[in-house]
Structures are given as structure tokens and as C-alpha cells.
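Enquirer: Got a file for you: upload-v4.txt, compact mmCIF, N, CA and C atoms.
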```txt
# COMPACT_ATOMS: atom_id res chain seq x y z
N GLY A 1 151.52 73.35 88.92
CA GLY A 1 151.53 72.87 90.26
C GLY A 1 152.48 71.70 90.42
N PHE A 2 152.09 70.84 91.31
CA PHE A 2 152.94 69.69 91.65
C PHE A 2 152.52 68.41 90.93
N ASP A 3 151.44 68.47 90.14
CA ASP A 3 151.00 67.31 89.37
C ASP A 3 151.84 67.25 88.10
N LEU A 4 153.01 66.68 88.21
CA LEU A 4 153.99 66.73 87.12
C LEU A 4 153.69 65.82 85.95
N ASN A 5 152.87 64.79 86.18
CA ASN A 5 152.54 63.89 85.07
C ASN A 5 151.12 64.13 84.55
N ASP A 6 150.47 65.19 85.03
CA ASP A 6 149.15 65.62 84.55
C ASP A 6 148.08 64.54 84.61
N ASP A 7 148.09 63.73 85.69
CA ASP A 7 147.05 62.71 85.83
C ASP A 7 145.96 63.12 86.81
N GLY A 8 146.02 64.36 87.32
CA GLY A 8 145.01 64.85 88.25
C GLY A 8 145.29 64.50 89.70
N LEU A 9 146.39 63.79 89.96
CA LEU A 9 146.75 63.39 91.32
C LEU A 9 148.15 63.87 91.65
N ILE A 10 148.40 64.09 92.93
CA ILE A 10 149.75 64.37 93.39
C ILE A 10 150.17 63.16 94.21
N ASP A 11 151.08 62.35 93.65
CA ASP A 11 151.44 61.08 94.28
C ASP A 11 152.88 60.70 93.93
N ARG A 12 153.24 59.44 94.19
CA ARG A 12 154.61 58.97 93.95
C ARG A 12 154.99 59.04 92.48
N ALA A 13 154.02 58.96 91.60
CA ALA A 13 154.33 59.08 90.17
C ALA A 13 154.90 60.46 89.86
N ASP A 14 154.42 61.49 90.55
CA ASP A 14 154.96 62.84 90.35
C ASP A 14 156.38 62.95 90.90
N ILE A 15 156.64 62.28 92.01
CA ILE A 15 158.00 62.25 92.55
C ILE A 15 158.92 61.59 91.54
N SER A 16 158.45 60.52 90.92
CA SER A 16 159.25 59.82 89.91
C SER A 16 159.57 60.73 88.73
N VAL A 17 158.60 61.50 88.28
CA VAL A 17 158.85 62.44 87.17
C VAL A 17 159.89 63.46 87.58
N TRP A 18 159.76 64.01 88.79
CA TRP A 18 160.71 65.03 89.26
C TRP A 18 162.12 64.45 89.35
N VAL A 19 162.23 63.26 89.94
CA VAL A 19 163.55 62.65 90.15
C VAL A 19 164.17 62.21 88.82
N ASN A 20 163.45 61.43 88.05
CA ASN A 20 164.02 60.80 86.86
C ASN A 20 164.13 61.73 85.65
N GLU A 21 163.15 62.60 85.46
CA GLU A 21 163.13 63.41 84.25
C GLU A 21 163.60 64.84 84.47
N LEU A 22 163.08 65.49 85.51
CA LEU A 22 163.42 66.90 85.72
C LEU A 22 164.77 67.09 86.40
N SER A 23 165.07 66.27 87.39
CA SER A 23 166.34 66.40 88.11
C SER A 23 167.43 65.50 87.56
N ASN A 24 167.04 64.55 86.72
CA ASN A 24 167.99 63.62 86.10
C ASN A 24 168.89 62.94 87.13
N THR A 25 168.26 62.41 88.18
CA THR A 25 169.02 61.75 89.24
C THR A 25 168.30 60.49 89.67
N TRP A 26 168.57 60.03 90.88
CA TRP A 26 168.01 58.78 91.40
C TRP A 26 167.21 59.05 92.66
N LEU A 27 166.18 58.25 92.89
CA LEU A 27 165.47 58.28 94.16
C LEU A 27 166.46 57.83 95.22
N GLY A 28 166.73 58.66 96.20
CA GLY A 28 167.72 58.36 97.22
C GLY A 28 168.97 59.23 97.11
N ASP A 29 169.09 59.98 96.04
CA ASP A 29 170.23 60.88 95.87
C ASP A 29 169.99 62.12 96.74
N ALA A 30 170.32 62.00 98.02
CA ALA A 30 169.98 63.04 99.00
C ALA A 30 170.69 64.36 98.73
N ASN A 31 171.92 64.31 98.24
CA ASN A 31 172.66 65.55 98.01
C ASN A 31 172.53 66.06 96.57
N LEU A 32 171.72 65.38 95.76
CA LEU A 32 171.43 65.77 94.39
C LEU A 32 172.67 65.99 93.53
N ASP A 33 173.65 65.11 93.69
CA ASP A 33 174.85 65.19 92.86
C ASP A 33 174.78 64.26 91.65
N GLY A 34 173.62 63.62 91.45
CA GLY A 34 173.43 62.74 90.30
C GLY A 34 173.85 61.31 90.55
N ARG A 35 174.31 60.99 91.74
CA ARG A 35 174.75 59.64 92.08
C ARG A 35 174.03 59.17 93.35
N LEU A 36 173.74 57.90 93.40
CA LEU A 36 173.23 57.29 94.63
C LEU A 36 174.39 56.49 95.21
N ASN A 37 175.00 57.03 96.27
CA ASN A 37 176.19 56.40 96.83
C ASN A 37 176.29 56.65 98.33
N SER A 38 177.41 56.30 98.91
CA SER A 38 177.58 56.39 100.37
C SER A 38 177.50 57.83 100.87
N ALA A 39 177.84 58.81 100.05
CA ALA A 39 177.73 60.21 100.48
C ALA A 39 176.28 60.56 100.83
N ASP A 40 175.34 59.97 100.11
CA ASP A 40 173.93 60.21 100.40
C ASP A 40 173.53 59.58 101.74
N LEU A 41 174.03 58.37 101.99
CA LEU A 41 173.73 57.70 103.26
C LEU A 41 174.31 58.47 104.44
N VAL A 42 175.54 58.96 104.29
CA VAL A 42 176.15 59.74 105.36
C VAL A 42 175.30 60.97 105.65
N LEU A 43 174.87 61.66 104.61
CA LEU A 43 174.07 62.88 104.78
C LEU A 43 172.76 62.60 105.52
N VAL A 44 172.03 61.56 105.10
CA VAL A 44 170.73 61.32 105.72
C VAL A 44 170.86 60.80 107.15
N PHE A 45 171.89 60.01 107.42
CA PHE A 45 172.04 59.51 108.79
C PHE A 45 172.58 60.57 109.73
N GLN A 46 173.30 61.55 109.21
CA GLN A 46 173.73 62.67 110.05
C GLN A 46 172.54 63.49 110.53
N ALA A 47 171.47 63.51 109.76
CA ALA A 47 170.27 64.25 110.16
C ALA A 47 169.60 63.59 111.37
N GLY A 48 169.83 62.30 111.58
CA GLY A 48 169.32 61.61 112.76
C GLY A 48 167.81 61.42 112.80
N LYS A 49 167.17 61.29 111.64
CA LYS A 49 165.71 61.18 111.61
C LYS A 49 165.21 59.81 111.19
N PHE A 50 166.11 58.83 111.02
CA PHE A 50 165.69 57.50 110.58
C PHE A 50 164.82 56.85 111.64
N GLU A 51 163.63 56.41 111.21
CA GLU A 51 162.65 55.73 112.06
C GLU A 51 162.24 56.57 113.29
N GLN A 52 162.39 57.87 113.21
CA GLN A 52 161.92 58.76 114.27
C GLN A 52 160.57 59.33 113.83
N ASP A 53 159.73 59.68 114.76
CA ASP A 53 158.44 60.26 114.42
C ASP A 53 158.56 61.78 114.31
N VAL A 54 159.43 62.21 113.39
CA VAL A 54 159.65 63.63 113.14
C VAL A 54 159.64 63.86 111.64
N GLU A 55 159.34 65.09 111.24
CA GLU A 55 159.30 65.43 109.83
C GLU A 55 160.69 65.39 109.22
N ALA A 56 160.79 64.79 108.03
CA ALA A 56 162.05 64.73 107.29
C ALA A 56 161.82 65.26 105.88
N LEU A 57 162.85 65.88 105.34
CA LEU A 57 162.81 66.39 103.97
C LEU A 57 163.68 65.51 103.07
N TRP A 58 163.76 65.85 101.80
CA TRP A 58 164.51 65.04 100.84
C TRP A 58 165.93 64.78 101.30
N HIS A 59 166.66 65.82 101.67
CA HIS A 59 168.07 65.66 102.06
C HIS A 59 168.24 64.99 103.42
N GLU A 60 167.11 64.75 104.09
CA GLU A 60 167.14 64.06 105.38
C GLU A 60 166.61 62.64 105.27
N GLY A 61 166.32 62.18 104.04
CA GLY A 61 165.95 60.79 103.83
C GLY A 61 164.53 60.52 103.38
N ASP A 62 163.67 61.52 103.30
CA ASP A 62 162.30 61.26 102.84
C ASP A 62 162.27 61.28 101.32
N TRP A 63 162.28 60.09 100.72
CA TRP A 63 162.27 59.99 99.27
C TRP A 63 160.93 59.48 98.75
N THR A 64 159.98 59.23 99.64
CA THR A 64 158.66 58.77 99.21
C THR A 64 157.60 59.85 99.32
N GLY A 65 157.93 60.97 99.94
CA GLY A 65 156.98 62.07 100.04
C GLY A 65 156.03 62.01 101.21
N ASP A 66 156.30 61.11 102.18
CA ASP A 66 155.41 61.01 103.35
C ASP A 66 155.93 61.82 104.54
N LEU A 67 157.01 62.58 104.33
CA LEU A 67 157.63 63.43 105.35
C LEU A 67 158.24 62.65 106.51
N ARG A 68 158.55 61.38 106.28
CA ARG A 68 159.22 60.55 107.28
C ARG A 68 160.38 59.82 106.61
N PHE A 69 161.45 59.59 107.37
CA PHE A 69 162.59 58.82 106.87
C PHE A 69 162.53 57.46 107.53
N ASP A 70 162.12 56.46 106.75
CA ASP A 70 161.98 55.11 107.30
C ASP A 70 162.39 54.08 106.24
N SER A 71 162.17 52.82 106.56
CA SER A 71 162.62 51.75 105.66
C SER A 71 161.93 51.82 104.30
N ARG A 72 160.74 52.40 104.23
CA ARG A 72 160.07 52.53 102.93
C ARG A 72 160.88 53.39 101.96
N ASP A 73 161.58 54.37 102.51
CA ASP A 73 162.42 55.22 101.66
C ASP A 73 163.58 54.43 101.07
N PHE A 74 164.20 53.58 101.89
CA PHE A 74 165.29 52.74 101.38
C PHE A 74 164.79 51.78 100.31
N ILE A 75 163.66 51.15 100.56
CA ILE A 75 163.10 50.21 99.59
C ILE A 75 162.82 50.92 98.27
N ALA A 76 162.23 52.11 98.35
CA ALA A 76 161.92 52.88 97.14
C ALA A 76 163.19 53.24 96.37
N SER A 77 164.25 53.62 97.09
CA SER A 77 165.49 53.99 96.40
C SER A 77 166.15 52.78 95.76
N PHE A 78 166.10 51.63 96.43
CA PHE A 78 166.70 50.43 95.85
C PHE A 78 165.91 49.95 94.64
N GLU A 79 164.59 50.07 94.69
CA GLU A 79 163.77 49.69 93.55
C GLU A 79 164.14 50.52 92.33
N GLY A 80 164.27 51.82 92.52
CA GLY A 80 164.58 52.70 91.39
C GLY A 80 165.97 52.48 90.84
N CYS A 81 166.89 52.17 91.70
CA CYS A 81 168.28 52.04 91.27
C CYS A 81 168.59 50.66 90.70
N TRP A 82 168.06 49.64 91.28
CA TRP A 82 168.50 48.29 90.93
C TRP A 82 167.56 47.51 90.03
N GLU A 83 166.30 47.86 89.97
CA GLU A 83 165.36 47.02 89.22
C GLU A 83 165.14 47.53 87.80
N GLY A 84 166.15 47.40 86.99
CA GLY A 84 165.99 47.66 85.57
C GLY A 84 166.21 49.09 85.12
N GLN A 85 166.13 50.06 86.00
CA GLN A 85 166.28 51.44 85.55
C GLN A 85 167.73 51.81 85.30
N SER A 86 168.65 51.13 85.95
CA SER A 86 170.04 51.54 85.82
C SER A 86 170.98 50.41 85.42
N GLY A 87 170.49 49.20 85.41
CA GLY A 87 171.39 48.08 85.15
C GLY A 87 172.37 47.86 86.29
N GLY A 88 172.04 48.33 87.48
CA GLY A 88 172.90 48.14 88.64
C GLY A 88 173.88 49.27 88.87
N ASP A 89 173.93 50.24 88.00
CA ASP A 89 174.85 51.37 88.16
C ASP A 89 174.05 52.61 88.50
N CYS A 90 174.31 53.15 89.66
CA CYS A 90 173.56 54.34 90.09
C CYS A 90 174.43 55.58 90.02
N GLY A 91 175.23 55.64 89.00
CA GLY A 91 176.03 56.84 88.75
C GLY A 91 175.19 57.87 88.02
N PRO A 92 175.84 58.84 87.44
CA PRO A 92 175.09 59.90 86.75
C PRO A 92 174.28 59.33 85.60
N ARG A 93 173.06 59.83 85.46
CA ARG A 93 172.23 59.44 84.32
C ARG A 93 172.78 60.11 83.07
N GLU A 94 172.58 59.44 81.95
CA GLU A 94 173.03 60.03 80.69
C GLU A 94 172.09 61.17 80.32
N LEU A 95 172.66 62.26 79.90
CA LEU A 95 171.88 63.41 79.47
C LEU A 95 171.52 63.26 78.00
N THR A 96 170.36 63.75 77.63
CA THR A 96 169.98 63.79 76.24
C THR A 96 170.55 65.07 75.65
N THR A 97 171.36 64.93 74.63
CA THR A 97 171.99 66.11 74.05
C THR A 97 171.18 66.63 72.88
N VAL A 98 171.20 67.92 72.74
CA VAL A 98 170.54 68.59 71.63
C VAL A 98 171.63 69.20 70.77
N PRO A 99 171.69 68.86 69.49
CA PRO A 99 172.76 69.40 68.66
C PRO A 99 172.65 70.91 68.52
N GLU A 100 173.80 71.55 68.60
CA GLU A 100 173.86 73.00 68.44
C GLU A 100 173.93 73.32 66.94
N PRO A 101 173.31 74.42 66.54
CA PRO A 101 173.43 74.78 65.13
C PRO A 101 174.88 75.14 64.80
N SER A 102 175.33 74.70 63.66
CA SER A 102 176.72 74.98 63.27
C SER A 102 176.83 76.38 62.68
N ARG A 103 178.05 76.86 62.59
CA ARG A 103 178.28 78.19 62.00
C ARG A 103 177.87 78.20 60.53
N MET A 104 178.04 77.07 59.87
CA MET A 104 177.67 77.00 58.46
C MET A 104 176.17 77.20 58.29
N ASN A 105 175.37 76.61 59.19
CA ASN A 105 173.92 76.81 59.11
C ASN A 105 173.57 78.28 59.27
N TRP A 106 174.19 78.94 60.24
CA TRP A 106 173.91 80.37 60.45
C TRP A 106 174.36 81.18 59.24
N ALA A 107 175.50 80.85 58.67
CA ALA A 107 175.98 81.57 57.49
C ALA A 107 175.00 81.41 56.33
N MET A 108 174.44 80.23 56.17
CA MET A 108 173.47 79.99 55.11
C MET A 108 172.21 80.82 55.32
N VAL A 109 171.73 80.90 56.56
CA VAL A 109 170.54 81.69 56.87
C VAL A 109 170.79 83.15 56.55
N VAL A 110 171.93 83.68 56.98
CA VAL A 110 172.26 85.09 56.71
C VAL A 110 172.38 85.33 55.21
N ALA A 111 173.01 84.42 54.49
CA ALA A 111 173.17 84.58 53.04
C ALA A 111 171.82 84.58 52.34
N VAL A 112 170.93 83.69 52.72
CA VAL A 112 169.60 83.63 52.10
C VAL A 112 168.84 84.92 52.38
N LEU A 113 168.89 85.41 53.61
CA LEU A 113 168.19 86.66 53.93
C LEU A 113 168.78 87.84 53.15
N TRP A 114 170.10 87.90 53.05
CA TRP A 114 170.75 88.98 52.33
C TRP A 114 170.40 88.94 50.84
N LEU A 115 170.45 87.72 50.26
CA LEU A 115 170.12 87.59 48.84
C LEU A 115 168.66 87.90 48.56
N SER A 116 167.78 87.49 49.46
CA SER A 116 166.36 87.79 49.24
C SER A 116 166.11 89.29 49.30
N ARG A 117 166.82 90.00 50.15
CA ARG A 117 166.71 91.46 50.23
C ARG A 117 167.24 92.10 48.93
N ARG A 118 168.35 91.57 48.44
CA ARG A 118 168.92 92.09 47.19
C ARG A 118 167.96 91.85 46.02
N LEU A 119 167.30 90.69 46.01
CA LEU A 119 166.36 90.38 44.94
C LEU A 119 165.18 91.33 44.98
N VAL A 120 164.68 91.64 46.17
CA VAL A 120 163.57 92.59 46.31
C VAL A 120 164.00 93.95 45.78
N CYS A 121 165.20 94.39 46.12
CA CYS A 121 165.70 95.68 45.66
C CYS A 121 165.96 95.68 44.16
N PHE A 122 166.35 94.55 43.60
CA PHE A 122 166.59 94.46 42.16
C PHE A 122 165.30 94.67 41.39
N LYS A 123 164.18 94.13 41.93
CA LYS A 123 162.89 94.25 41.26
C LYS A 123 162.22 95.59 41.53
N ASN A 124 162.67 96.31 42.54
CA ASN A 124 162.04 97.57 42.92
C ASN A 124 163.02 98.71 42.64
N PRO A 125 162.74 99.56 41.65
CA PRO A 125 163.68 100.63 41.31
C PRO A 125 163.79 101.70 42.40
N HIS A 126 162.86 101.77 43.32
CA HIS A 126 162.88 102.78 44.37
C HIS A 126 163.63 102.30 45.61
N CYS A 127 164.17 101.11 45.59
CA CYS A 127 164.88 100.56 46.74
C CYS A 127 166.23 101.24 46.88
N ASN A 128 166.63 101.55 48.10
CA ASN A 128 167.91 102.19 48.38
C ASN A 128 168.97 101.11 48.52
N THR A 129 169.78 100.91 47.50
CA THR A 129 170.81 99.88 47.55
C THR A 129 172.06 100.34 48.27
N ARG A 130 172.15 101.60 48.63
CA ARG A 130 173.33 102.10 49.33
C ARG A 130 173.38 101.60 50.78
N SER A 131 172.31 101.03 51.27
CA SER A 131 172.31 100.52 52.64
C SER A 131 173.08 99.21 52.75
N TYR A 132 173.58 98.70 51.63
CA TYR A 132 174.33 97.45 51.64
C TYR A 132 175.77 97.75 51.75
```
Go through the file and emit its structure as C-alpha cells.
Expert:
Amino acid sequence: GFDLNDDGLIDRADISVWVNELSNTWLGDANLDGRLNSADLVLVFQAGKFEQDVEALWHEGDWTGDLRFDSRDFIASFEGCWEGQSGGDCGPRELTTVPEPSRMNWAMVVAVLWLSRRLVCFKNPHCNTRSY
């Protein structure tokens, strides 16, 4: 479901998990390009929903989950960007990289499997060695 931090509640903490961990972006990144910048402000103000009593979505400025675009959304985005989470830089977040297995590792795995098969056939006189 939507309880992303598994605390039994659906609240701003879940929005934080979605923004910071799953989307790897910033609260306030309306166009989801990984940056909090003027392009986001242009997008949300073009929607014309700031301080209006109408429903707003993420790309229209609702970053707190209350379905409204108001000053609380700006405060929330500034808190996330400027108070220790980014060091003042709201550019792309660094991705955590996972090392890819090298060709040598794969070659070793294949060699071990091939040799283990040969060893089994060496010990078993009924093994068909012509399949090699």
C-alpha cells in the first residue's frame, strides 16, 4: 500500500520515503527531473492553484499531501532542501551504485561448473563424456 515506512500510518513520513528514497529527488521537484529549481516553480505557478481552494497534485504544487498548494508546501520543500539534507545544493541526488559482476567472475563460475561436471564423469564410468 501507501504505508512506505511500515509504521501503520499514511502520513508525511511516507511522502518523505517516496521522495528521498524511491524517487531519489527533492520535496518540491514538481517535474521530477531530480532537481529543485526554477523550472519547478514555473510549472507549479502555471497551474494557477497557489492559495486557491482547489485540489492540487504533485506537479501542481502539493508536496505535503493535503491536496492544496499553499505556503506549507514551500516551507516543506525548503526544509528538505536546505536544512542539512543537501548542504544547500538541490541538484541531483547521488545514486548508490551496485558493482556489476566482471567477466572474470563469470568465467570462474563457468570453469568451476565445467570442472565439477568433469570430475563427476571421471568418477562415474557410465558418464557420457562425448557431450563435452
Enquirer: Which one of A:Asp29, A:Glu79, A:Val54, A:Asn5 sits closest to Leu67 (chain A) if you count all atoms listed in the file?
Expert: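 That would be A:Val54, the residue with the smallest distance to Leu67 (chain A).
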Enquirer: One number please: CA of Ser77 (chain A) to CA of Leu27 (chain A), in Å, one decimal.
Expert: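 It comes out at 4.8 Å.
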Enquirer: Could you check the closest approach to Phe45 (chain A) for each of A:Asp33, A:Leu113, A:His59, A:Leu22 and tell me which residue wins, using all atoms listed in the file?
Expert: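 Answer, going by the shortest atom-to-atom distance: A:His59.
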Enquirer: Can you work out the spacing between CA of Ala30 (chain A) and CA of Trp58 (chain A) in Å, to one decimal?
Expert: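 Between these atoms lies a distance of 6.1 Å.
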Enquirer: Just want the 7 Å neighbourhood of Asp73 (chain A), counted on only C-alpha atoms, with same-chain residues fewer than 3 positions away dropped. Output as a list in words.
Expert: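 Final neighbour list, sorted by chain and number: Gly61, Asp62, Trp63, Thr64, Phe69, Asp70, Ala76 and Ser77 of chain A.
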Enquirer: Could you state the separation of atom N of Leu32 (chain A) and CA of Asp6 (chain A) in Å, given to one decimal place?
Expert: 25.2 Å
